[in-house]
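**Student:** This is the structure I want to talk about, given as structure tokens.
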Amino acid sequence: MAKAWKAKGIHPQLSYRWNAQVILAVKIQEVYSWAESIQNPDNIKELHNLRISVKRLRYSMEFFAINYGEEFKDFLKVLADLQEQLGDIHDCDVVESVLSDHLQSLQDKGEAEVDALGINALLPRYREMREAKYQAFLQRWKALEEADFKVQFLKIVTGESGTEAPSQEV
Amino acid sequence: MAKALAVKDIAPEKNLEECARRIITTRLHEMMSFREGVIDGTDIEYVHDMRVASRRLRAAMRNFADCFAPKKEFRRHLKQVERITSTLGGVRDLDVLIDRFQKDVLTVPVDAQIGVQNLIGHLQTERKAQRTPMFKMFEELDKSNFEEKFLRFFEV
């Protein structure tokens, strides 16, 4: 799991609202740092890291929501949906890995061909499901890109006038 | 997933440190409220809810780290929360797999069902084993007065 990006320039004695924009802008950048590598369905680790970054952003948005208007909730909803889609992909990856490992261990022990029947019945099902879930996610991601989601999101978070882009360290 | 508890007395114009303290202590209470259900183990949702609450707490602690000193003590509390997430994660992963395969077993041909049943049995044994370090963790948290010390450090 990749480390969370840490926002620099936080001022504990300044307002909650002011600090919200600094922290959220960095969390959004963290999410988009995975944008390129997730175009390949075989990048399981990167998709997992994106899921974790989306989760971090979502939880941060939940506790900063008080600083923003109704529109913010729409962005939060998009994040929750993305998290769910990525969660479904991850679940399929985990199941496939568990089934494959189990099958291998059955073969290594020279045990129970009968057991392998069950595992072999499930494996192709999860592979197909994973492919479908990935394609659905990618379609959603591309639609958001076409709608300029990131730019709109940053505008909402930092205010229309915009603040200086916060620096970040990994 | 359980909805996050609302945090009282925070406002955009209040300073970050005060809000951070209120958020973190609320999230701690939320996380610990699932503890008895987790120990009981009958309903798998308690482990899930406690783990999600621990992630919310972790996210808050990391975002607001600059508000707290001494750093050494802050890091010690964060490490404990990370341990809670990770220990519960081991149990949760197995809960999800068992639940999933229990649904799947009825959807495969009859001659293939025994293989899935045996896999479920194997995972249930693993789950039992994963709950042992979890009980140990709760014991150690109690022994070290984790909750009390945590609240004292973060209270407003």
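Residues in the structure tokens are named by chain (A, B, ... in the order shown) and by number from 1 within that chain; ligands are numbered from 1 in the order shown.
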Using only C-alpha atoms, what does the table of chain A residues within 10 Å of chain B look like, with each row giving the shortest atom pair and its distance in Å to one decimal, sorted by chain and ascending number, as a tab-separated table?
**Tutor:**
```
residue	atom	partner	partner_atom	distance
A:Ala4	CA	B:Arg62	CA	8.5
A:Trp5	CA	B:Asn63	CA	9.4
A:Lys6	CA	B:Asn63	CA	7.2
A:Ala7	CA	B:Asn63	CA	7.5
A:Lys8	CA	B:Asp66	CA	9.2
A:Gly9	CA	B:Asp66	CA	9.3
A:Ile10	CA	B:Asp66	CA	7.0
A:His11	CA	B:Leu16	CA	7.4
A:Pro12	CA	B:Leu16	CA	4.9
A:Gln13	CA	B:Asn15	CA	5.1
A:Leu14	CA	B:Asn15	CA	5.1
A:Ser15	CA	B:Asn15	CA	4.2
A:Tyr16	CA	B:Leu16	CA	4.4
A:Arg17	CA	B:Pro12	CA	4.7
A:Trp18	CA	B:Pro12	CA	8.1
A:Asn19	CA	B:Leu16	CA	6.9
A:Ala20	CA	B:Leu16	CA	8.7
A:Ile23	CA	B:Asn63	CA	7.0
A:Leu24	CA	B:Asn63	CA	9.4
A:Lys27	CA	B:Asn63	CA	9.7
A:Lys55	CA	B:Arg55	CA	9.0
A:Arg56	CA	B:Ala59	CA	6.3
A:Leu57	CA	B:Ala59	CA	8.7
A:Arg58	CA	B:Arg56	CA	9.4
A:Tyr59	CA	B:Arg56	CA	5.8
A:Ser60	CA	B:Ala59	CA	6.6
A:Glu62	CA	B:Ala4	CA	8.3
A:Phe63	CA	B:Ile23	CA	7.6
A:Phe64	CA	B:Pro12	CA	8.7
A:Ala65	CA	B:Pro12	CA	9.6
A:Ile66	CA	B:Pro12	CA	6.8
A:Asn67	CA	B:Pro12	CA	5.2
A:Tyr68	CA	B:Pro12	CA	8.8
A:Asp91	CA	B:Leu97	CA	8.9
A:Val94	CA	B:Leu97	CA	8.8
A:Val95	CA	B:Leu97	CA	7.2
A:Val98	CA	B:Leu97	CA	8.9
A:Leu99	CA	B:Leu119	CA	8.8
A:His102	CA	B:Leu119	CA	7.8
A:Leu103	CA	B:Leu119	CA	9.8
A:Ala112	CA	B:Gly115	CA	8.4
A:Glu113	CA	B:Gly115	CA	8.7
A:Val114	CA	B:Gly115	CA	6.2
A:Asp115	CA	B:Gly115	CA	3.5
A:Ala116	CA	B:Gly115	CA	6.2
A:Leu117	CA	B:Ala112	CA	5.0
A:Gly118	CA	B:Ala112	CA	4.0
A:Ile119	CA	B:Val116	CA	6.4
A:Asn120	CA	B:Ala112	CA	8.5
A:Ala121	CA	B:Val108	CA	6.6
A:Leu122	CA	B:Val108	CA	7.7
```
**Student:** Next, dump the selected residues to file, keeping only N, CA and C atoms, as a compact mmCIF listing (two decimals), in the first residue's frame.
**Tutor:**
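Ended up saving to part.txt:
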```txt
# COMPACT_ATOMS: atom_id res chain seq x y z
N ALA A 4 0.39 7.67 2.27
CA ALA A 4 -0.48 8.83 2.02
C ALA A 4 0.36 10.08 1.79
N TRP A 5 -0.08 10.93 0.89
CA TRP A 5 0.59 12.23 0.70
C TRP A 5 0.24 13.12 1.89
N LYS A 6 1.26 13.85 2.33
CA LYS A 6 1.02 14.72 3.48
C LYS A 6 0.98 16.17 3.01
N ALA A 7 -0.06 16.88 3.41
CA ALA A 7 -0.16 18.29 3.03
C ALA A 7 0.81 19.10 3.86
N LYS A 8 1.51 20.00 3.19
CA LYS A 8 2.42 20.91 3.90
C LYS A 8 1.71 22.25 4.07
N GLY A 9 2.17 23.03 5.05
CA GLY A 9 1.62 24.37 5.20
C GLY A 9 0.29 24.41 5.92
N ILE A 10 0.10 23.44 6.80
CA ILE A 10 -1.13 23.45 7.62
C ILE A 10 -0.90 24.36 8.82
N HIS A 11 -1.92 25.15 9.14
CA HIS A 11 -1.80 26.08 10.28
C HIS A 11 -2.88 25.77 11.30
N PRO A 12 -2.49 25.08 12.39
CA PRO A 12 -3.48 24.67 13.39
C PRO A 12 -4.32 25.81 13.96
N GLN A 13 -3.74 27.02 14.00
CA GLN A 13 -4.50 28.12 14.61
C GLN A 13 -5.33 28.90 13.59
N LEU A 14 -5.17 28.57 12.31
CA LEU A 14 -6.06 29.18 11.30
C LEU A 14 -7.35 28.38 11.22
N SER A 15 -8.30 28.92 10.47
CA SER A 15 -9.63 28.31 10.49
C SER A 15 -9.66 26.92 9.87
N TYR A 16 -10.69 26.21 10.28
CA TYR A 16 -10.94 24.86 9.75
C TYR A 16 -11.15 24.95 8.24
N ARG A 17 -11.90 25.95 7.82
CA ARG A 17 -12.19 26.14 6.39
C ARG A 17 -10.91 26.36 5.58
N TRP A 18 -10.04 27.21 6.09
CA TRP A 18 -8.80 27.53 5.37
C TRP A 18 -7.94 26.27 5.20
N ASN A 19 -7.82 25.53 6.28
CA ASN A 19 -6.98 24.32 6.23
C ASN A 19 -7.61 23.22 5.37
N ALA A 20 -8.95 23.20 5.30
CA ALA A 20 -9.65 22.17 4.51
C ALA A 20 -9.18 22.22 3.06
N ILE A 23 -5.59 20.77 2.64
CA ILE A 23 -5.50 19.31 2.79
C ILE A 23 -6.21 18.59 1.64
N LEU A 24 -7.41 19.03 1.31
CA LEU A 24 -8.18 18.33 0.26
C LEU A 24 -7.51 18.42 -1.11
N LYS A 27 -4.99 15.77 -1.29
CA LYS A 27 -5.62 14.44 -1.39
C LYS A 27 -6.14 14.18 -2.82
N LYS A 55 -10.27 6.28 -0.98
CA LYS A 55 -10.83 6.12 0.36
C LYS A 55 -10.34 7.22 1.29
N ARG A 56 -9.04 7.53 1.22
CA ARG A 56 -8.47 8.60 2.06
C ARG A 56 -9.13 9.93 1.76
N LEU A 57 -9.31 10.19 0.47
CA LEU A 57 -9.95 11.45 0.08
C LEU A 57 -11.39 11.49 0.56
N ARG A 58 -12.09 10.38 0.39
CA ARG A 58 -13.50 10.33 0.79
C ARG A 58 -13.66 10.60 2.30
N TYR A 59 -12.83 9.92 3.11
CA TYR A 59 -12.95 10.12 4.56
C TYR A 59 -12.59 11.57 4.92
N SER A 60 -11.59 12.12 4.23
CA SER A 60 -11.23 13.51 4.51
C SER A 60 -12.38 14.44 4.12
N GLU A 62 -15.49 13.72 4.12
CA GLU A 62 -16.59 13.57 5.09
C GLU A 62 -16.41 14.52 6.27
N PHE A 63 -15.17 14.60 6.79
CA PHE A 63 -15.06 15.49 7.95
C PHE A 63 -14.86 16.96 7.60
N PHE A 64 -14.62 17.24 6.32
CA PHE A 64 -14.52 18.65 5.92
C PHE A 64 -15.81 19.18 5.29
N ALA A 65 -16.81 18.30 5.14
CA ALA A 65 -18.04 18.67 4.42
C ALA A 65 -18.70 19.92 4.99
N ILE A 66 -18.58 20.10 6.28
CA ILE A 66 -19.21 21.24 6.96
C ILE A 66 -18.74 22.60 6.39
N ASN A 67 -17.58 22.58 5.75
CA ASN A 67 -17.01 23.82 5.21
C ASN A 67 -17.55 24.18 3.83
N TYR A 68 -18.35 23.29 3.25
CA TYR A 68 -18.77 23.49 1.87
C TYR A 68 -20.28 23.41 1.71
N ASP A 91 -12.00 -6.99 -4.81
CA ASP A 91 -12.57 -8.24 -4.27
C ASP A 91 -12.36 -9.39 -5.26
N VAL A 94 -8.77 -10.49 -5.14
CA VAL A 94 -8.47 -11.28 -3.93
C VAL A 94 -9.03 -12.69 -4.07
N VAL A 95 -10.28 -12.79 -4.53
CA VAL A 95 -10.90 -14.11 -4.68
C VAL A 95 -10.11 -14.96 -5.66
N VAL A 98 -7.01 -16.22 -3.98
CA VAL A 98 -7.30 -17.27 -2.98
C VAL A 98 -7.62 -18.59 -3.68
N LEU A 99 -8.46 -18.52 -4.73
CA LEU A 99 -8.84 -19.74 -5.45
C LEU A 99 -7.61 -20.38 -6.12
N HIS A 102 -5.34 -21.94 -3.53
CA HIS A 102 -5.95 -23.15 -2.98
C HIS A 102 -5.81 -24.31 -3.98
N LEU A 103 -6.05 -23.99 -5.24
CA LEU A 103 -5.94 -25.00 -6.29
C LEU A 103 -4.51 -25.53 -6.36
N ALA A 112 -7.37 -34.65 -3.65
CA ALA A 112 -8.76 -34.42 -4.00
C ALA A 112 -9.02 -33.70 -5.32
N GLU A 113 -9.07 -34.47 -6.36
CA GLU A 113 -9.49 -33.92 -7.66
C GLU A 113 -10.91 -33.39 -7.58
N VAL A 114 -11.67 -34.02 -6.70
CA VAL A 114 -13.07 -33.59 -6.52
C VAL A 114 -13.13 -32.13 -6.07
N ASP A 115 -12.22 -31.77 -5.14
CA ASP A 115 -12.17 -30.40 -4.64
C ASP A 115 -11.85 -29.41 -5.75
N ALA A 116 -10.96 -29.84 -6.64
CA ALA A 116 -10.55 -28.95 -7.73
C ALA A 116 -11.72 -28.61 -8.65
N LEU A 117 -12.69 -29.49 -8.73
CA LEU A 117 -13.88 -29.24 -9.56
C LEU A 117 -14.59 -27.96 -9.11
N GLY A 118 -14.73 -27.83 -7.81
CA GLY A 118 -15.41 -26.66 -7.25
C GLY A 118 -14.64 -25.37 -7.53
N ILE A 119 -13.34 -25.44 -7.35
CA ILE A 119 -12.51 -24.24 -7.55
C ILE A 119 -12.51 -23.87 -9.03
N ASN A 120 -12.41 -24.87 -9.87
CA ASN A 120 -12.41 -24.59 -11.31
C ASN A 120 -13.76 -24.10 -11.82
N ALA A 121 -14.79 -24.37 -11.06
CA ALA A 121 -16.11 -23.85 -11.46
C ALA A 121 -16.19 -22.35 -11.15
N LEU A 122 -15.49 -21.94 -10.11
CA LEU A 122 -15.59 -20.52 -9.69
C LEU A 122 -14.57 -19.61 -10.39
```
**Student:** Got a sec: who's within 10 Å of segment 32-34 of chain A, counting only C-alpha atoms, leaving out chain neighbours fewer than 6 positions off, as a PyMOL selection string?
**Tutor:** chain A and resi 26+46-51+53-54+150
**Student:** Could those residues be written to a file, using C-alpha atoms, as an mmCIF file, in the first residue's frame?
**Tutor:**
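In the end it all went to again.cif:
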```cif
data_model
loop_
_atom_site.group_PDB
_atom_site.id
_atom_site.type_symbol
_atom_site.label_atom_id
_atom_site.label_comp_id
_atom_site.auth_asym_id
_atom_site.auth_seq_id
_atom_site.Cartn_x
_atom_site.Cartn_y
_atom_site.Cartn_z
ATOM 1 C CA VAL A 26 -3.322 17.436 -1.827
ATOM 2 C CA GLU A 46 -1.905 0.435 -8.835
ATOM 3 C CA LEU A 47 -5.667 -0.121 -8.914
ATOM 4 C CA HIS A 48 -5.465 -1.105 -5.255
ATOM 5 C CA ASN A 49 -3.444 2.025 -4.473
ATOM 6 C CA LEU A 50 -5.978 4.189 -6.290
ATOM 7 C CA ARG A 51 -8.735 2.588 -4.215
ATOM 8 C CA SER A 53 -6.229 7.028 -2.148
ATOM 9 C CA VAL A 54 -9.914 7.442 -3.060
ATOM 10 C CA LYS A 150 -10.667 17.043 -11.490
#
```
**Student:** What is the distance, in Å and to one decimal place, between atom CA of Lys128 of chain B and atom CA of Ser100 of chain A?
**Tutor:** 22.2 Å
**Student:** Atom CA of Glu155 of chain B and atom CA of Ile24 of chain B are how many Å apart?
**Tutor:**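 Going from atom CA of Glu155 of chain B over to atom CA of Ile24 of chain B covers 8.7 Å.
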**Student:** Applying 10 Å and only C-alpha atoms, which residues near segment 129-143 of chain A remain after dropping the ones on its own chain fewer than 3 positions away? List them as a ChimeraX atom specification.
**Tutor:** /A:35,38-41,47,78,81-93,96,123-126,146-149
**Student:** Can you measure atom CA of Leu28 of chain B to atom CA of Ser54 of chain B for me? One decimal in Å is fine.
**Tutor:** 7.7 Å
**Student:** Under the rule that only C-alpha atoms are counted, which of A:Arg127, A:Lys109, A:Lys73, A:Lys3 is the nearest residue to Ile156 of chain A?
**Tutor:**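 Among A:Arg127, A:Lys109, A:Lys73, A:Lys3, it is A:Lys73 that comes nearest to Ile156 of chain A.
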**Student:** Which residues are near Arg51 of chain B? Cut-off 12 Å, only C-alpha atoms, ignore same chain within fewer than 6 positions. Put them as a list in words.
**Tutor:** Met1, Ala2, Arg27, Leu28, Glu30, Met31, Met32, Ser33, Phe34, Arg35, Val38, Ile44, Glu45, Leu57, Arg58, Val81, Glu82, Arg83, Ile84, Thr85, Ser86, Thr87, Leu88, Gly89, Gly90, Val91, Arg92 and Asp93 of chain B
**Student:** Can you write out the residues you just picked, keeping C-alpha atoms, as a JSON list (two decimals), in the first residue's frame?
**Tutor:**
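selection33.json, freshly written:
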```
[["chain", "number", "residue", "atom", "x", "y", "z"],
["B", 1, "MET", "CA", -20.99, 0.46, 6.07],
["B", 2, "ALA", "CA", -22.08, 2.39, 9.15],
["B", 27, "ARG", "CA", -14.02, 8.93, 15.88],
["B", 28, "LEU", "CA", -12.33, 7.13, 18.79],
["B", 30, "GLU", "CA", -17.27, 5.56, 17.40],
["B", 31, "MET", "CA", -14.57, 2.95, 16.81],
["B", 32, "MET", "CA", -14.68, 1.60, 20.37],
["B", 33, "SER", "CA", -18.50, 1.37, 20.30],
["B", 34, "PHE", "CA", -18.22, -1.70, 18.03],
["B", 35, "ARG", "CA", -15.82, -3.53, 20.31],
["B", 38, "VAL", "CA", -16.45, -7.68, 17.46],
["B", 44, "ILE", "CA", -19.57, -10.08, 10.96],
["B", 45, "GLU", "CA", -20.65, -6.46, 10.37],
["B", 57, "LEU", "CA", -9.88, 7.88, 12.73],
["B", 58, "ARG", "CA", -6.54, 7.24, 11.03],
["B", 81, "VAL", "CA", -4.89, 2.71, 15.70],
["B", 82, "GLU", "CA", -2.97, 1.28, 12.74],
["B", 83, "ARG", "CA", -2.61, -1.97, 14.66],
["B", 84, "ILE", "CA", -6.36, -2.07, 15.25],
["B", 85, "THR", "CA", -7.06, -1.58, 11.51],
["B", 86, "SER", "CA", -4.58, -4.21, 10.48],
["B", 87, "THR", "CA", -5.59, -6.83, 13.07],
["B", 88, "LEU", "CA", -9.27, -6.44, 12.21],
["B", 89, "GLY", "CA", -8.34, -6.58, 8.52],
["B", 90, "GLY", "CA", -7.09, -10.14, 8.89],
["B", 91, "VAL", "CA", -10.46, -11.24, 10.27],
["B", 92, "ARG", "CA", -12.54, -9.10, 7.90],
["B", 93, "ASP", "CA", -10.88, -10.48, 4.76]]
```
**Student:** Please return, as an MDAnalysis selection string, all residues of segment 1-92 of chain A that DSSP assigns to helix (DSSP H, G or I) on the basis of the backbone.
**Tutor:** chainID A and resid 16:32 37:39 44:67 70:92
**Student:** Could you write out the selected residues, including C-alpha atoms, as a PDB file, in the first residue's frame?
**Tutor:**
```
ATOM      1  CA  TYR A  16     -10.943  24.862   9.753  1.00  0.00           C
ATOM      2  CA  ARG A  17     -12.189  26.143   6.389  1.00  0.00           C
ATOM      3  CA  TRP A  18      -8.799  27.529   5.370  1.00  0.00           C
ATOM      4  CA  ASN A  19      -6.984  24.315   6.229  1.00  0.00           C
ATOM      5  CA  ALA A  20      -9.649  22.175   4.512  1.00  0.00           C
ATOM      6  CA  GLN A  21      -8.707  23.523   1.094  1.00  0.00           C
ATOM      7  CA  VAL A  22      -4.996  22.907   1.676  1.00  0.00           C
ATOM      8  CA  ILE A  23      -5.497  19.310   2.790  1.00  0.00           C
ATOM      9  CA  LEU A  24      -8.177  18.325   0.264  1.00  0.00           C
ATOM     10  CA  ALA A  25      -6.244  19.714  -2.702  1.00  0.00           C
ATOM     11  CA  VAL A  26      -3.322  17.436  -1.827  1.00  0.00           C
ATOM     12  CA  LYS A  27      -5.622  14.437  -1.392  1.00  0.00           C
ATOM     13  CA  ILE A  28      -7.111  15.067  -4.848  1.00  0.00           C
ATOM     14  CA  GLN A  29      -3.612  15.215  -6.364  1.00  0.00           C
ATOM     15  CA  GLU A  30      -2.782  11.940  -4.616  1.00  0.00           C
ATOM     16  CA  VAL A  31      -5.787  10.245  -6.269  1.00  0.00           C
ATOM     17  CA  TYR A  32      -4.819  11.551  -9.716  1.00  0.00           C
ATOM     18  CA  SER A  37      -1.203   3.421 -14.523  1.00  0.00           C
ATOM     19  CA  ILE A  38      -4.799   2.307 -14.084  1.00  0.00           C
ATOM     20  CA  GLN A  39      -5.377   2.293 -17.835  1.00  0.00           C
ATOM     21  CA  ILE A  44      -3.521  -4.780  -9.824  1.00  0.00           C
ATOM     22  CA  LYS A  45      -1.273  -3.001  -7.328  1.00  0.00           C
ATOM     23  CA  GLU A  46      -1.905   0.435  -8.835  1.00  0.00           C
ATOM     24  CA  LEU A  47      -5.667  -0.121  -8.914  1.00  0.00           C
ATOM     25  CA  HIS A  48      -5.465  -1.105  -5.255  1.00  0.00           C
ATOM     26  CA  ASN A  49      -3.444   2.025  -4.473  1.00  0.00           C
ATOM     27  CA  LEU A  50      -5.978   4.189  -6.290  1.00  0.00           C
ATOM     28  CA  ARG A  51      -8.735   2.588  -4.215  1.00  0.00           C
ATOM     29  CA  ILE A  52      -6.866   3.431  -1.014  1.00  0.00           C
ATOM     30  CA  SER A  53      -6.229   7.028  -2.148  1.00  0.00           C
ATOM     31  CA  VAL A  54      -9.914   7.442  -3.060  1.00  0.00           C
ATOM     32  CA  LYS A  55     -10.827   6.115   0.362  1.00  0.00           C
ATOM     33  CA  ARG A  56      -8.468   8.598   2.064  1.00  0.00           C
ATOM     34  CA  LEU A  57      -9.947  11.455   0.076  1.00  0.00           C
ATOM     35  CA  ARG A  58     -13.495  10.328   0.794  1.00  0.00           C
ATOM     36  CA  TYR A  59     -12.947  10.124   4.556  1.00  0.00           C
ATOM     37  CA  SER A  60     -11.226  13.514   4.514  1.00  0.00           C
ATOM     38  CA  MET A  61     -14.141  14.987   2.552  1.00  0.00           C
ATOM     39  CA  GLU A  62     -16.588  13.567   5.092  1.00  0.00           C
ATOM     40  CA  PHE A  63     -15.063  15.486   7.948  1.00  0.00           C
ATOM     41  CA  PHE A  64     -14.519  18.651   5.924  1.00  0.00           C
ATOM     42  CA  ALA A  65     -18.035  18.672   4.415  1.00  0.00           C
ATOM     43  CA  ILE A  66     -19.210  21.238   6.958  1.00  0.00           C
ATOM     44  CA  ASN A  67     -17.014  23.822   5.211  1.00  0.00           C
ATOM     45  CA  GLU A  70     -24.555  21.309  -1.270  1.00  0.00           C
ATOM     46  CA  GLU A  71     -22.501  20.880  -4.446  1.00  0.00           C
ATOM     47  CA  PHE A  72     -19.712  19.317  -2.401  1.00  0.00           C
ATOM     48  CA  LYS A  73     -22.001  16.397  -1.586  1.00  0.00           C
ATOM     49  CA  ASP A  74     -22.299  15.562  -5.296  1.00  0.00           C
ATOM     50  CA  PHE A  75     -18.522  15.205  -5.488  1.00  0.00           C
ATOM     51  CA  LEU A  76     -18.547  13.093  -2.345  1.00  0.00           C
ATOM     52  CA  LYS A  77     -21.141  10.818  -3.964  1.00  0.00           C
ATOM     53  CA  VAL A  78     -18.942  10.371  -7.052  1.00  0.00           C
ATOM     54  CA  LEU A  79     -16.019   9.419  -4.802  1.00  0.00           C
ATOM     55  CA  ALA A  80     -18.160   6.900  -2.898  1.00  0.00           C
ATOM     56  CA  ASP A  81     -19.249   5.323  -6.214  1.00  0.00           C
ATOM     57  CA  LEU A  82     -15.659   5.121  -7.465  1.00  0.00           C
ATOM     58  CA  GLN A  83     -14.594   3.552  -4.192  1.00  0.00           C
ATOM     59  CA  GLU A  84     -17.313   0.930  -4.561  1.00  0.00           C
ATOM     60  CA  GLN A  85     -16.337   0.128  -8.149  1.00  0.00           C
ATOM     61  CA  LEU A  86     -12.677  -0.178  -7.217  1.00  0.00           C
ATOM     62  CA  GLY A  87     -13.654  -2.283  -4.204  1.00  0.00           C
ATOM     63  CA  ASP A  88     -15.497  -4.718  -6.484  1.00  0.00           C
ATOM     64  CA  ILE A  89     -12.420  -5.047  -8.712  1.00  0.00           C
ATOM     65  CA  HIS A  90     -10.202  -5.599  -5.677  1.00  0.00           C
ATOM     66  CA  ASP A  91     -12.573  -8.241  -4.274  1.00  0.00           C
ATOM     67  CA  CYS A  92     -12.382 -10.170  -7.561  1.00  0.00           C
TER      68      CYS A  92
END
```
